[in-house]
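The next block is upload.txt, given as compact mmCIF, C-alpha atoms and all ligand atoms.
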# COMPACT_ATOMS: atom_id res chain seq x y z
CA MET A 1 -76.69 6.18 134.11
CA ALA A 2 -79.90 6.56 132.19
CA SER A 3 -81.56 9.89 132.10
CA CYS A 4 -85.03 10.94 133.07
CA LYS A 5 -86.12 14.15 131.55
CA MET A 6 -89.87 14.53 131.78
CA GLN A 7 -92.07 16.16 129.23
CA MET A 8 -94.73 18.79 129.81
CA ILE A 9 -97.51 16.46 130.74
CA LEU A 10 -95.16 14.06 132.40
CA ALA A 11 -93.48 13.90 135.73
CA LEU A 12 -90.46 16.13 136.17
CA CYS A 13 -87.56 14.33 137.63
CA PRO A 14 -84.78 16.74 138.07
CA PHE A 15 -84.50 20.38 137.20
CA VAL A 16 -86.69 22.62 139.24
CA MET A 17 -85.96 20.98 142.47
CA LEU A 18 -82.24 20.88 142.10
CA VAL A 19 -82.10 24.47 143.13
CA THR A 20 -85.34 25.22 144.84
CA ILE A 21 -86.37 22.45 147.14
CA PRO A 22 -85.65 22.56 150.83
CA ALA A 23 -84.67 19.29 152.44
CA THR A 24 -87.42 16.69 152.32
CA TYR A 25 -87.14 13.55 154.28
CA GLY A 26 -89.27 10.73 152.93
CA TRP A 27 -90.98 8.64 155.50
CA GLY A 28 -89.70 9.55 158.94
CA THR A 29 -87.36 7.21 160.76
CA ASP A 30 -90.17 4.88 161.81
CA GLY A 31 -91.63 4.60 158.30
CA HIS A 32 -88.27 3.64 156.83
CA SER A 33 -87.58 1.29 159.71
CA ILE A 34 -90.91 -0.48 159.15
CA ILE A 35 -90.14 -0.97 155.47
CA CYS A 36 -86.65 -2.34 156.12
CA LYS A 37 -87.87 -4.68 158.86
CA ILE A 38 -90.53 -6.11 156.55
CA ALA A 39 -88.00 -6.44 153.74
CA GLN A 40 -85.31 -8.16 155.77
CA SER A 41 -87.80 -10.78 156.98
CA ARG A 42 -88.54 -11.75 153.36
CA LEU A 43 -85.00 -12.14 152.00
CA SER A 44 -83.80 -15.34 150.33
CA ASN A 45 -80.79 -17.02 151.93
CA ALA A 46 -78.48 -15.61 149.27
CA ALA A 47 -79.84 -12.08 149.64
CA ALA A 48 -79.79 -12.26 153.44
CA ASP A 49 -76.16 -13.35 153.29
CA ALA A 50 -75.18 -10.56 150.88
CA VAL A 51 -76.98 -7.95 153.00
CA LYS A 52 -75.20 -9.22 156.09
CA GLN A 53 -71.84 -8.99 154.33
CA LEU A 54 -72.52 -5.46 153.12
CA LEU A 55 -73.98 -3.95 156.29
CA PRO A 56 -71.56 -2.22 158.64
CA LYS A 57 -70.58 -4.67 161.39
CA TRP A 58 -71.83 -2.37 164.15
CA VAL A 59 -75.49 -2.70 163.12
CA GLU A 60 -75.32 -6.45 163.75
CA ASP A 61 -77.24 -7.45 160.63
CA ASP A 62 -80.11 -5.03 161.31
CA LEU A 63 -80.93 -3.26 158.05
CA ALA A 64 -83.61 -1.14 159.74
CA ALA A 65 -80.96 0.49 161.93
CA VAL A 66 -79.45 2.20 158.89
CA CYS A 67 -82.57 2.60 156.76
CA SER A 68 -82.56 6.40 157.29
CA TRP A 69 -78.81 6.77 156.69
CA ALA A 70 -79.48 8.32 153.27
CA ASP A 71 -81.43 11.16 154.90
CA ARG A 72 -78.65 11.80 157.40
CA VAL A 73 -75.95 12.15 154.75
CA LYS A 74 -77.82 14.69 152.61
CA PHE A 75 -75.72 17.54 153.89
CA ARG A 76 -72.44 15.75 153.36
CA TYR A 77 -73.56 14.32 150.01
CA ARG A 78 -75.36 17.38 148.74
CA TRP A 79 -75.67 15.81 145.30
CA SER A 80 -77.93 13.16 146.79
CA SER A 81 -80.84 15.40 147.90
CA PRO A 82 -82.76 15.20 144.59
CA LEU A 83 -82.52 11.41 144.66
CA HIS A 84 -85.26 11.21 147.29
CA PHE A 85 -88.25 12.36 145.25
CA ILE A 86 -89.87 13.12 141.90
CA ASN A 87 -91.69 16.33 141.08
CA THR A 88 -94.60 16.30 138.70
CA PRO A 89 -96.52 19.07 137.03
CA GLU A 90 -100.05 19.29 138.42
CA ILE A 91 -101.13 16.19 136.55
CA CYS A 92 -101.88 12.92 138.26
CA SER A 93 -99.79 10.70 136.04
CA TYR A 94 -96.14 9.84 135.70
CA ARG A 95 -93.93 8.47 132.99
CA TYR A 96 -90.18 8.04 133.01
CA SER A 97 -88.47 9.37 129.94
CA ASN A 98 -84.93 9.04 128.64
CA GLU A 99 -85.18 11.92 126.23
CA ASP A 100 -82.57 14.64 125.87
CA GLY A 101 -79.99 12.93 128.01
CA VAL A 102 -80.67 14.88 131.18
CA ALA A 103 -79.18 13.10 134.15
CA ASP A 104 -81.76 11.12 136.06
CA ARG A 105 -81.41 12.65 139.44
CA CYS A 106 -84.68 11.55 140.95
CA VAL A 107 -85.83 8.65 143.05
CA ALA A 108 -86.77 6.45 140.08
CA GLY A 109 -83.42 6.96 138.35
CA ALA A 110 -81.55 6.43 141.61
CA ILE A 111 -83.31 3.12 142.32
CA ASN A 112 -82.31 1.90 138.87
CA ASN A 113 -78.77 3.13 139.36
CA TYR A 114 -78.16 1.57 142.77
CA THR A 115 -79.77 -1.67 141.59
CA SER A 116 -77.27 -1.77 138.71
CA GLN A 117 -74.39 -1.16 141.09
CA LEU A 118 -75.48 -3.96 143.42
CA LEU A 119 -75.72 -6.36 140.48
CA THR A 120 -71.91 -6.20 140.36
CA TYR A 121 -71.74 -7.74 143.85
CA ASN A 122 -70.35 -11.03 142.64
CA SER A 123 -67.94 -9.59 140.11
CA ALA A 124 -64.29 -9.35 141.02
CA SER A 125 -64.02 -5.66 140.25
CA ASN A 126 -66.91 -4.30 142.29
CA GLU A 127 -64.72 -2.93 145.06
CA ALA A 128 -62.92 -0.79 142.55
CA GLN A 129 -66.11 0.66 141.07
CA TYR A 130 -68.58 1.27 143.84
CA ASN A 131 -69.04 1.34 147.55
CA LEU A 132 -71.70 -1.35 147.62
CA THR A 133 -72.50 -0.79 151.27
CA GLU A 134 -73.63 2.73 150.37
CA SER A 135 -75.47 1.37 147.33
CA LEU A 136 -77.43 -0.99 149.59
CA LEU A 137 -78.25 1.74 152.08
CA PHE A 138 -79.38 4.13 149.34
CA LEU A 139 -81.51 1.49 147.62
CA SER A 140 -83.14 0.40 150.89
CA HIS A 141 -84.00 3.98 151.79
CA LEU A 142 -85.12 5.17 148.35
CA MET A 143 -87.39 2.17 147.87
CA GLY A 144 -89.20 3.55 150.92
CA ASP A 145 -89.27 7.12 149.63
CA VAL A 146 -90.82 6.20 146.29
CA HIS A 147 -93.71 4.64 148.22
CA GLN A 148 -94.44 7.84 150.18
CA PRO A 149 -97.17 9.37 147.99
CA LEU A 150 -95.94 12.95 148.40
CA HIS A 151 -92.46 11.99 147.25
CA VAL A 152 -94.05 11.82 143.82
CA GLY A 153 -95.95 15.07 144.28
CA PHE A 154 -96.47 18.38 142.56
CA ALA A 155 -93.51 20.66 141.89
CA ALA A 156 -95.68 23.73 142.58
CA ASP A 157 -96.08 22.88 146.27
CA LYS A 158 -92.84 20.91 146.62
CA GLY A 159 -94.61 17.67 147.36
CA GLY A 160 -96.86 19.27 149.97
CA ASN A 161 -93.97 21.06 151.71
CA THR A 162 -95.56 24.48 151.16
CA ILE A 163 -99.06 23.45 152.24
CA ASP A 164 -99.54 24.56 155.85
CA VAL A 165 -102.07 22.56 157.79
CA HIS A 166 -102.95 21.66 161.35
CA TRP A 167 -102.48 18.04 162.32
CA TYR A 168 -105.13 18.02 165.02
CA LYS A 169 -103.92 20.91 167.21
CA ARG A 170 -100.33 21.09 165.95
CA LYS A 171 -99.03 23.11 163.03
CA ALA A 172 -97.50 21.01 160.27
CA VAL A 173 -96.98 20.91 156.53
CA LEU A 174 -98.83 18.31 154.51
CA HIS A 175 -95.60 16.57 153.47
CA HIS A 176 -94.64 16.03 157.08
CA VAL A 177 -98.09 14.68 157.90
CA TRP A 178 -97.38 11.85 155.44
CA ASP A 179 -93.74 11.40 156.40
CA THR A 180 -94.29 11.21 160.11
CA ASN A 181 -97.50 12.44 161.76
CA MET A 182 -99.84 9.74 160.53
CA ILE A 183 -97.43 6.96 161.48
CA GLU A 184 -96.77 8.44 164.93
CA THR A 185 -100.47 8.98 165.58
CA ALA A 186 -101.21 5.41 164.48
CA GLU A 187 -98.49 4.07 166.78
CA GLU A 188 -99.85 6.04 169.72
CA ARG A 189 -103.47 5.20 169.13
CA PHE A 190 -103.38 1.62 167.87
CA TYR A 191 -99.98 0.10 168.61
CA ASP A 192 -99.15 1.05 172.17
CA SER A 193 -96.48 3.46 170.88
CA ASN A 194 -94.51 0.46 169.69
CA VAL A 195 -93.17 0.42 166.16
CA ASP A 196 -92.70 -3.36 166.23
CA SER A 197 -96.41 -3.83 166.91
CA MET A 198 -97.17 -1.81 163.80
CA VAL A 199 -94.73 -3.97 161.82
CA ASP A 200 -96.47 -7.10 163.14
CA ALA A 201 -99.89 -5.78 162.11
CA ILE A 202 -98.68 -5.00 158.59
CA GLN A 203 -96.96 -8.39 158.32
CA HIS A 204 -100.23 -10.00 159.38
CA ASN A 205 -102.00 -8.30 156.47
CA ILE A 206 -99.24 -9.24 154.03
CA THR A 207 -99.71 -12.92 154.79
CA GLY A 208 -103.48 -12.62 155.18
CA GLU A 209 -105.77 -10.01 153.68
CA TRP A 210 -103.29 -8.86 151.00
CA ALA A 211 -101.69 -12.24 150.25
CA LYS A 212 -103.18 -12.49 146.79
CA GLU A 213 -101.96 -9.03 145.84
CA VAL A 214 -98.44 -9.56 147.12
CA LYS A 215 -97.36 -11.62 144.10
CA ARG A 216 -98.34 -8.71 141.88
CA TRP A 217 -96.53 -6.20 144.10
CA GLU A 218 -93.37 -8.28 143.84
CA SER A 219 -93.39 -8.78 140.10
CA CYS A 220 -91.45 -6.55 137.77
CA SER A 221 -92.37 -5.98 134.14
CA LEU A 222 -90.22 -7.35 131.32
CA ASN A 223 -88.07 -9.31 133.74
CA LYS A 224 -86.47 -6.17 135.09
CA THR A 225 -84.67 -6.23 138.42
CA ALA A 226 -86.29 -3.05 139.77
CA CYS A 227 -89.49 -1.34 138.67
CA PRO A 228 -89.56 2.16 140.19
CA ASP A 229 -91.78 3.52 137.42
CA ILE A 230 -94.64 1.33 138.61
CA TYR A 231 -94.18 2.50 142.19
CA ALA A 232 -93.93 6.16 141.15
CA SER A 233 -97.07 5.90 139.04
CA GLU A 234 -98.94 4.50 142.01
CA GLY A 235 -97.42 7.24 144.15
CA ILE A 236 -98.73 10.23 142.19
CA LYS A 237 -102.13 8.55 141.98
CA ALA A 238 -102.21 8.07 145.75
CA ALA A 239 -101.05 11.67 146.19
CA CYS A 240 -103.97 12.91 144.08
CA ASP A 241 -106.61 10.50 145.37
CA TRP A 242 -105.69 10.70 149.06
CA ALA A 243 -102.89 13.02 150.16
CA TYR A 244 -103.92 16.23 148.37
CA LYS A 245 -107.64 15.49 148.16
CA GLY A 246 -109.75 17.93 150.15
CA VAL A 247 -106.71 19.73 151.56
CA GLU A 248 -106.16 23.47 151.26
CA GLN A 249 -103.87 25.94 152.96
CA LYS A 250 -104.79 26.03 156.67
CA SER A 251 -106.89 22.88 156.53
CA VAL A 252 -107.36 21.21 159.90
CA LEU A 253 -106.70 17.50 159.46
CA GLU A 254 -108.25 15.30 162.11
CA ASP A 255 -109.97 11.91 162.40
CA ASP A 256 -111.83 12.13 159.08
CA TYR A 257 -108.58 12.57 157.20
CA PHE A 258 -106.45 10.32 159.40
CA LEU A 259 -108.75 7.31 159.53
CA SER A 260 -109.57 7.38 155.82
CA ARG A 261 -105.89 7.70 154.81
CA LEU A 262 -104.29 5.34 157.32
CA PRO A 263 -105.09 2.24 155.20
CA VAL A 264 -103.15 3.89 152.37
CA VAL A 265 -100.16 4.42 154.68
CA HIS A 266 -100.29 0.79 155.83
CA ARG A 267 -100.46 -0.46 152.25
CA ARG A 268 -97.64 1.75 150.96
CA LEU A 269 -95.37 0.68 153.84
CA ALA A 270 -96.20 -2.96 153.08
CA GLN A 271 -95.56 -2.51 149.37
CA GLY A 272 -92.25 -0.77 150.07
CA GLY A 273 -91.06 -3.65 152.27
CA VAL A 274 -92.28 -6.40 149.93
CA ARG A 275 -90.71 -4.74 146.91
CA LEU A 276 -87.39 -3.97 148.58
CA ALA A 277 -87.13 -7.65 149.49
CA ALA A 278 -88.17 -8.76 146.00
CA THR A 279 -85.60 -6.44 144.42
CA LEU A 280 -82.78 -7.58 146.71
CA ASN A 281 -83.75 -11.22 146.05
CA ARG A 282 -83.55 -10.60 142.31
CA ILE A 283 -80.22 -8.82 142.68
CA PHE A 284 -78.49 -11.39 144.84
CA GLY A 285 -80.25 -14.53 143.54
ZN ZN B 301 -85.47 10.17 151.83
I'd like the structure from this file rewritten - as C-alpha cells, please.
Amino acid sequence: MASCKMQMILALCPFVMLVTIPATYGWGTDGHSIICKIAQSRLSNAAADAVKQLLPKWVEDDLAAVCSWADRVKFRYRWSSPLHFINTPEICSYRYSNEDGVADRCVAGAINNYTSQLLTYNSASNEAQYNLTESLLFLSHLMGDVHQPLHVGFAADKGGNTIDVHWYKRKAVLHHVWDTNMIETAEERFYDSNVDSMVDAIQHNITGEWAKEVKRWESCSLNKTACPDIYASEGIKAACDWAYKGVEQKSVLEDDYFLSRLPVVHRRLAQGGVRLAATLNRIFG
C-alpha cells in the first residue's frame, strides 16, 4: 500500500486522528444511499455483472442497501475508522504525499487500496488474497465520504465535529449538519420525505444542467483507475468556501445557510455517484 504522509502545509492523512478522533460517519445513510443508487444506474454491463456477483445475495443486487456497511463495522474493524476522512491543517489545500513511508490510512489512500484489490477480480488468485465483497463495500462507501466536504476538514476541529451549532432549533455539530441534517431537511421540504425523489432530481441534473461537466467529473488524470486526490482537493475547497464559511461556535444555521449550501450538497452527491460508477466501470471493464 502506498503511504500518505502530509507535510506542514499539506493535508494530514493519518497521525493525529488515529488516536484522537471520535467516530465520524460520512454522509448519513441517505447520503450514501443516494450516491450508490446513482452509481449503480450508470454501470457498464461488465461492472453491473461483477457488482452483482460480489454483493451478498440477500441484498438482491441493491448496492445502496449496503452502502453504509463500512460505517457499521467501524467498531468491529477498529483499524478502519481513519479510512473515512482526511485531516488538514488550517489551510484550504490538499496534496497527497508518499514521503517517509507512513501508512496511508486515510480516505484517499483507502480508495486507491480498495481499487487495487478489486482490479484482481478476474485473476485466479483473488479469493486467496482479498475479500472482494468487502473491498467493493468499502470503495462504494468511501467514494461517498471523500465527497462530503467536512471529511476533508481541519484537524483542529475534527472536521467540524467540535463546532457546536443550532440547525434551526435543534442542537447539532457542524459535521453532522453536512452528514445528515441538510439532506434530511431537503427531503422534508422539497422531496416529500422521499429519498428516491431526491435521487430522481439529482439524476435529472446529471443528464441535464450538469451534462457537460459530467465527462470531466468522470475522467481520471494520467489514465489512473481512481483519482481520490482530485476529489479530496475539491473537498477541502468546498469545506472552506461553504461548510466553514461564516460559522462560529454557537452559530444558528437556518435558511440563509441551508439554501445557499444545498446546491453544493446536491453537486457533491452527484459527483460521488458519477465517480463511483466511473471507477467501477474502469475496474471491471
Ligand atoms: Zn464513512
Close residues to ligand ZN 301 (chain B) using all atoms listed in the file, limit 10 Å, as a ChimeraX atom specification: /A:23-29,32,67-72,74,80-85,107,138,141-146,148,151,179
Show me, as a PDB file with C-alpha atoms, in the coordinates of the input, the residues that have an atom within 10 Å of Trp167 in chain A when counting all atoms listed in the file, minus same-chain residues fewer than 4 positions from it.
ATOM      1  CA  LYS A 171     -99.030  23.110 163.030  1.00  0.00           C
ATOM      2  CA  ALA A 172     -97.500  21.010 160.270  1.00  0.00           C
ATOM      3  CA  VAL A 173     -96.980  20.910 156.530  1.00  0.00           C
ATOM      4  CA  LEU A 174     -98.830  18.310 154.510  1.00  0.00           C
ATOM      5  CA  HIS A 176     -94.640  16.030 157.080  1.00  0.00           C
ATOM      6  CA  VAL A 177     -98.090  14.680 157.900  1.00  0.00           C
ATOM      7  CA  ASN A 181     -97.500  12.440 161.760  1.00  0.00           C
ATOM      8  CA  MET A 182     -99.840   9.740 160.530  1.00  0.00           C
ATOM      9  CA  THR A 185    -100.470   8.980 165.580  1.00  0.00           C
ATOM     10  CA  SER A 251    -106.890  22.880 156.530  1.00  0.00           C
ATOM     11  CA  VAL A 252    -107.360  21.210 159.900  1.00  0.00           C
ATOM     12  CA  LEU A 253    -106.700  17.500 159.460  1.00  0.00           C
ATOM     13  CA  GLU A 254    -108.250  15.300 162.110  1.00  0.00           C
ATOM     14  CA  ASP A 255    -109.970  11.910 162.400  1.00  0.00           C
ATOM     15  CA  TYR A 257    -108.580  12.570 157.200  1.00  0.00           C
ATOM     16  CA  PHE A 258    -106.450  10.320 159.400  1.00  0.00           C
TER      17      PHE A 258
END
Nearest residue to Cys220 in chain A from the set A:Ala278, A:Leu139, A:Ala186, A:Leu262 (distances using only C-alpha atoms):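 The answer is A:Ala278, which sits nearest to Cys220 in chain A.
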Atomic separation - CA of Gly31 in chain A relative to CA of Pro89 in chain A, Å: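 It comes out at 26.2 Å.
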Residue neighbourhood Ser116 in chain A, 10 Å, only C-alpha atoms, exclusion window fewer than 6 positions, as a list in words: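 Final neighbour list, sorted by chain and number: Met1, Ala110, Ser135, Thr225, Ala226 and Ile283 of chain A.
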Please dump the current selection as an mmCIF file, in the coordinates of the input; keep C-alpha atoms.
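File written: again.cif
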data_model
loop_
_atom_site.group_PDB
_atom_site.id
_atom_site.type_symbol
_atom_site.label_atom_id
_atom_site.label_comp_id
_atom_site.auth_asym_id
_atom_site.auth_seq_id
_atom_site.Cartn_x
_atom_site.Cartn_y
_atom_site.Cartn_z
ATOM 1 C CA MET A 1 -76.690 6.180 134.110
ATOM 2 C CA ALA A 110 -81.550 6.430 141.610
ATOM 3 C CA SER A 135 -75.470 1.370 147.330
ATOM 4 C CA THR A 225 -84.670 -6.230 138.420
ATOM 5 C CA ALA A 226 -86.290 -3.050 139.770
ATOM 6 C CA ILE A 283 -80.220 -8.820 142.680
#
Proximity to Leu132 in chain A - best of A:Thr207, A:Leu54, A:Gly160, A:Tyr191, only C-alpha atoms: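 Nearest to Leu132 in chain A: A:Leu54.
CA of Cys36 in chain A is found 18.3 Å from CA of Asn112 in chain A.
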A:Leu276, A:Ile230, A:Ala48, A:Ile206 ranked by distance to Arg95 in chain A, top pick (using only C-alpha atoms): A:Ile230
With 9 Å as the threshold, what does the neighbourhood of (-76.7, -10.0, 143.5) contain in terms of residues, counting all atoms listed in the file? Coordinates are those of the file; answer as a short mmCIF file (atom, residue, chain, number, x, y, z; two decimals) with C-alpha atoms, in the frame of the given file.
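File written: result_36.cif
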data_model
loop_
_atom_site.label_atom_id
_atom_site.label_comp_id
_atom_site.auth_asym_id
_atom_site.auth_seq_id
_atom_site.Cartn_x
_atom_site.Cartn_y
_atom_site.Cartn_z
CA ALA A 46 -78.48 -15.61 149.27
CA ALA A 47 -79.84 -12.08 149.64
CA ALA A 50 -75.18 -10.56 150.88
CA LEU A 118 -75.48 -3.96 143.42
CA LEU A 119 -75.72 -6.36 140.48
CA THR A 120 -71.91 -6.20 140.36
CA TYR A 121 -71.74 -7.74 143.85
CA ASN A 122 -70.35 -11.03 142.64
CA LEU A 280 -82.78 -7.58 146.71
CA ASN A 281 -83.75 -11.22 146.05
CA ARG A 282 -83.55 -10.60 142.31
CA ILE A 283 -80.22 -8.82 142.68
CA PHE A 284 -78.49 -11.39 144.84
CA GLY A 285 -80.25 -14.53 143.54
#
Interatomic distance (Å, one decimal) between CA of Tyr231 in chain A and CA of Ile111 in chain A: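 Computed distance, CA of Tyr231 in chain A to CA of Ile111 in chain A, equals 10.9 Å.
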Around range 149-166 of chain A, with edges along x, y and z and 8 Å added on all six sides, what centre and edge lengths do you get, in Å to one decimal, as lines of an AutoDock Vina configuration file?
center_x = -97.7
center_y = 17.0
center_z = 151.6
size_x = 26.5
size_y = 31.2
size_z = 35.5
What's around Phe190 in chain A at 12 Å? Count only C-alpha atoms, leave out sequence neighbours fewer than 6 positions away in its own chain, and write the answer as a PDB file with C-alpha atoms, keeping the file's coordinate frame.
ATOM      1  CA  MET A 182     -99.840   9.740 160.530  1.00  0.00           C
ATOM      2  CA  ILE A 183     -97.430   6.960 161.480  1.00  0.00           C
ATOM      3  CA  GLU A 184     -96.770   8.440 164.930  1.00  0.00           C
ATOM      4  CA  ASP A 196     -92.700  -3.360 166.230  1.00  0.00           C
ATOM      5  CA  SER A 197     -96.410  -3.830 166.910  1.00  0.00           C
ATOM      6  CA  MET A 198     -97.170  -1.810 163.800  1.00  0.00           C
ATOM      7  CA  VAL A 199     -94.730  -3.970 161.820  1.00  0.00           C
ATOM      8  CA  ALA A 201     -99.890  -5.780 162.110  1.00  0.00           C
ATOM      9  CA  LEU A 259    -108.750   7.310 159.530  1.00  0.00           C
ATOM     10  CA  LEU A 262    -104.290   5.340 157.320  1.00  0.00           C
TER      11      LEU A 262
END
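Proximity ranking of A:Glu134, A:Glu60, A:Val51, A:Arg267 relative to Val73 in chain A places A:Glu134 first, based on only C-alpha atoms.
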Proximity to Val66 in chain A - best of A:Arg78, A:His175, A:His266, A:Lys37, only C-alpha atoms: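 Of the candidates, the smallest distance to Val66 in chain A is held by A:Lys37.
When only C-alpha atoms are used to compute distances to Thr180 in chain A, the closest of the residues A:Leu150, A:Ala277, A:Leu222, A:Cys227 turns out to be A:Leu150.
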For range 235-248 of chain A, work out the shell of residues within 9 Å, counting only C-alpha atoms and skipping chain neighbours fewer than 6 positions away, then give it as a PDB file with C-alpha atoms, in the frame of the given file.
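Saved the output as selection.pdb:
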ATOM      1  CA  THR A  88     -94.600  16.300 138.700  1.00  0.00           C
ATOM      2  CA  ILE A  91    -101.130  16.190 136.550  1.00  0.00           C
ATOM      3  CA  CYS A  92    -101.880  12.920 138.260  1.00  0.00           C
ATOM      4  CA  SER A  93     -99.790  10.700 136.040  1.00  0.00           C
ATOM      5  CA  TYR A  94     -96.140   9.840 135.700  1.00  0.00           C
ATOM      6  CA  VAL A 146     -90.820   6.200 146.290  1.00  0.00           C
ATOM      7  CA  HIS A 147     -93.710   4.640 148.220  1.00  0.00           C
ATOM      8  CA  GLN A 148     -94.440   7.840 150.180  1.00  0.00           C
ATOM      9  CA  PRO A 149     -97.170   9.370 147.990  1.00  0.00           C
ATOM     10  CA  LEU A 150     -95.940  12.950 148.400  1.00  0.00           C
ATOM     11  CA  HIS A 151     -92.460  11.990 147.250  1.00  0.00           C
ATOM     12  CA  VAL A 152     -94.050  11.820 143.820  1.00  0.00           C
ATOM     13  CA  GLY A 153     -95.950  15.070 144.280  1.00  0.00           C
ATOM     14  CA  PHE A 154     -96.470  18.380 142.560  1.00  0.00           C
ATOM     15  CA  GLY A 159     -94.610  17.670 147.360  1.00  0.00           C
ATOM     16  CA  GLY A 160     -96.860  19.270 149.970  1.00  0.00           C
ATOM     17  CA  ILE A 163     -99.060  23.450 152.240  1.00  0.00           C
ATOM     18  CA  ASP A 164     -99.540  24.560 155.850  1.00  0.00           C
ATOM     19  CA  VAL A 165    -102.070  22.560 157.790  1.00  0.00           C
ATOM     20  CA  LEU A 174     -98.830  18.310 154.510  1.00  0.00           C
ATOM     21  CA  HIS A 175     -95.600  16.570 153.470  1.00  0.00           C
ATOM     22  CA  TRP A 178     -97.380  11.850 155.440  1.00  0.00           C
ATOM     23  CA  TYR A 257    -108.580  12.570 157.200  1.00  0.00           C
ATOM     24  CA  SER A 260    -109.570   7.380 155.820  1.00  0.00           C
ATOM     25  CA  ARG A 261    -105.890   7.700 154.810  1.00  0.00           C
ATOM     26  CA  VAL A 264    -103.150   3.890 152.370  1.00  0.00           C
ATOM     27  CA  ARG A 268     -97.640   1.750 150.960  1.00  0.00           C
TER      28      ARG A 268
END
